[in-house]
Amino acid sequence: MTLQLPTPMAPLKLGTRGSPLALAQANETRARLAGAFDLPFEAFEIVVIKTTGDRIIDRPLKEIGGKGLFTREIEDALLSGGIDIAIHSMKDMPTLQPEGLLLDTYLPREDVRDGFVSPGYATLADLPEGSKVGTSSLRRRAQVLVAYPHLEVVEFRGNVQTRLKKLEEGVATCTFLAMAGLNRLDRADVAQSALDPSVMLPAIAQGAIGIERRSDDSRAAEMLSALHHKETGQRLAAERAFLAALDGSCETPIAGLAELDGGTLHLRGEVLRPDGSQSIKDARSAPIEDRAELGRAMAADMLREAGPGFFDWRE
Ligand SMILES: NCc1[nH]cc(CCC(=O)O)c1CC(=O)O
């Protein structure tokens with residue numbers, strides 16, 4: 001069977017959020033697809049979809065709900081045929097997809113590290129007592145408080161431009177932004193430094209773009225298989241198995257990173273209490289074939305170590 005390629009008259013529709021970072025990711029996907037199939041850019045249409053998370057910008061994310069916040073409307077458009085594929089930051093994706101959708105295509109992973117952004121200070125360790133750290137990420141908040149209990153964390157949302165403005169206005173002394181996002185926006189210059197994962201273990205799947213499709217769409221399956229980056233998929237399989245086994249909602253600070261060394265996968269993980277009162281870490285390795293089991297087993301042991309009550313907290 002020959003592949004019915006999209007044309008400018010009947011383009012493949014790529015669904016995405018409208019933030020500058022989301023658009024950069026969609027443009028990268030379009031360029032890769034056009035390159036792989038020797039098609040003009042016009043054979044791909046980028047369709048911007050507003051999500052609940054984009055609409056509600058004045059309240060902390062944890063008040064308005066879980067991880068589906070930035071993805072539900074996009075997945076609905078995919079299921080109803082309004083778009084053909086959806087481009088996502090994998091770190092924002094729940095571990096389970098709705099019936100009828102598959103999320104199994106990954107572009108080569110960007111820098112996994114968090115960037116430290118501060119107009120006045122070179123490192124986190126330089127911040128004076130009581131300095132305000134701006135972040136809306138529970139993981140970053142907890143990691144900062146574990147290492148630097150003398151700092152204060154304040155809620156900080158918005159895109160890169162908004163956050164830089166808030167720093168200038170003194171709402172906070174520093175913030176963190178994923179290096180992947182900064183690189184994709186060509187704004188790596190705003191970070192004073194990139195934090196080594198041993199200092200701040202990144203979010204599960206940080207730096208990875210995933211492409212979702214309808215499970216019965218054989219054309220999308222065939223086109224996306226030309227883009228898939230196998231090593232990124234293997235690393236994310238371990239990380240997301242770890243996350244799924246921890247039952248990570250966005251209310252639980254979880255970090256994790258898998259790295260490949262030949263045929264061996266090294267996985268690190270961390271779970272924290274949101275107030276920074278406790279952190280549990282683990283690290284282990286296994287042959288690539290056992291990637292999902294590696295993630296599950298590490299999660300099971302860490303859950304045991306955490307004990308009942310570790311994840312029960314309310315502010
Ligand atoms: N939760 C927001 C989000 N989702 C993905 C990225 C960055 C890009 C990536 O990690 O792939 C960001 C912003 C940030 O954490 O700075």
# chains A, B, ... in the order shown; residues from 1 in each chain; ligands from 1
call {"tool": "select_by_dssp", "arguments": {"residues": "range 18-247 of chain A", "states": "strand (DSSP E)", "output": "ChimeraX atom specification"}}
result
/A:44-48,85-89,101-106,114-117,132-134,152-154,174-178,193-195,209-214
call {"tool": "closest_atom_pairs", "arguments": {"of": "chain A", "to": "ligand 1", "cutoff": "6 Å", "atoms": "only C-alpha atoms and all ligand atoms", "output": "JSON lines"}}
result
{"residue": "A:Ser89", "atom": "CA", "partner": "ligand 1", "partner_atom_place_in_ligand_line": "11 (O)", "distance": 4.9}
{"residue": "A:Lys91", "atom": "CA", "partner": "ligand 1", "partner_atom_place_in_ligand_line": "4 (N)", "distance": 5.8}
{"residue": "A:Asp92", "atom": "CA", "partner": "ligand 1", "partner_atom_place_in_ligand_line": "4 (N)", "distance": 5.6}
{"residue": "A:Leu177", "atom": "CA", "partner": "ligand 1", "partner_atom_place_in_ligand_line": "16 (O)", "distance": 3.5}
{"residue": "A:Ala178", "atom": "CA", "partner": "ligand 1", "partner_atom_place_in_ligand_line": "16 (O)", "distance": 3.8}
{"residue": "A:Ala180", "atom": "CA", "partner": "ligand 1", "partner_atom_place_in_ligand_line": "8 (C)", "distance": 4.9}
{"residue": "A:Gly181", "atom": "CA", "partner": "ligand 1", "partner_atom_place_in_ligand_line": "8 (C)", "distance": 4.1}
{"residue": "A:Gln206", "atom": "CA", "partner": "ligand 1", "partner_atom_place_in_ligand_line": "10 (O)", "distance": 3.8}
{"residue": "A:Gly207", "atom": "CA", "partner": "ligand 1", "partner_atom_place_in_ligand_line": "11 (O)", "distance": 3.4}
{"residue": "A:Ala208", "atom": "CA", "partner": "ligand 1", "partner_atom_place_in_ligand_line": "11 (O)", "distance": 5.0}
call {"tool": "closest_residue", "arguments": {"among": "A:Leu79, A:Ala191, A:Ile46, A:Met179", "to": "Phe116 in chain A", "atoms": "only C-alpha atoms"}}
result
A:Ala191
call {"tool": "residues_around", "arguments": {"residues": "Lys132 in chain A", "least_positions_apart": "4", "cutoff": "7 Å", "atoms": "only C-alpha atoms", "output": "number ranges by chain"}}
result
A: 151-154, 172-173
call {"tool": "select_by_dssp", "arguments": {"residues": "range 118-301 of chain A", "states": "alpha helix (DSSP H)", "output": "MDAnalysis selection string"}}
result
chainID A and resid 138:147 160:168 179:184 218:225 230:246 291:301
call {"tool": "closest_residue", "arguments": {"among": "A:Ala292, A:Ala86, A:Ile56, A:Ile209", "to": "Pro108 in chain A", "atoms": "only C-alpha atoms"}}
result
A:Ile209
call {"tool": "residues_around", "arguments": {"residues": "Leu236 in chain A", "least_positions_apart": "3", "cutoff": "8 Å", "atoms": "only C-alpha atoms", "output": "PDB file with C-alpha atoms, in the first residue's frame"}}
result
ATOM      1  CA  ILE A 204      10.213  13.211  34.130  1.00  0.00           C
ATOM      2  CA  ALA A 205      10.591  13.568  30.339  1.00  0.00           C
ATOM      3  CA  THR A 232      14.630   9.103  23.572  1.00  0.00           C
ATOM      4  CA  GLY A 233      11.771   6.588  23.539  1.00  0.00           C
ATOM      5  CA  GLU A 239      11.042   7.477  33.336  1.00  0.00           C
ATOM      6  CA  ARG A 240       7.337   7.230  32.575  1.00  0.00           C
ATOM      7  CA  ALA A 258      17.197   8.001  32.568  1.00  0.00           C
TER       8      ALA A 258
END
call {"tool": "closest_atom_pairs", "arguments": {"of": "range 30-127 of chain A", "to": "range 14-20 of chain A", "cutoff": "7 Å", "atoms": "only C-alpha atoms", "output": "tab-separated table"}}
result
residue	atom	partner	partner_atom	distance
A:Phe44	CA	A:Leu14	CA	7.0
A:Glu45	CA	A:Leu14	CA	6.0
A:Ile46	CA	A:Leu14	CA	4.8
A:Val47	CA	A:Gly15	CA	4.8
A:Val48	CA	A:Thr16	CA	5.2
A:Ile49	CA	A:Arg17	CA	5.2
A:Lys50	CA	A:Arg17	CA	6.0
A:Ile74	CA	A:Gly15	CA	6.6
A:Ile83	CA	A:Gly15	CA	5.7
A:Asp84	CA	A:Leu14	CA	6.1
A:Ile85	CA	A:Leu14	CA	5.1
A:Ala86	CA	A:Gly15	CA	4.6
A:Ile87	CA	A:Thr16	CA	5.6
call {"tool": "closest_residue", "arguments": {"among": "A:Ser285, A:Asp111, A:Pro119, A:Ala203", "to": "Glu270 in chain A", "atoms": "only C-alpha atoms"}}
result
A:Ala203
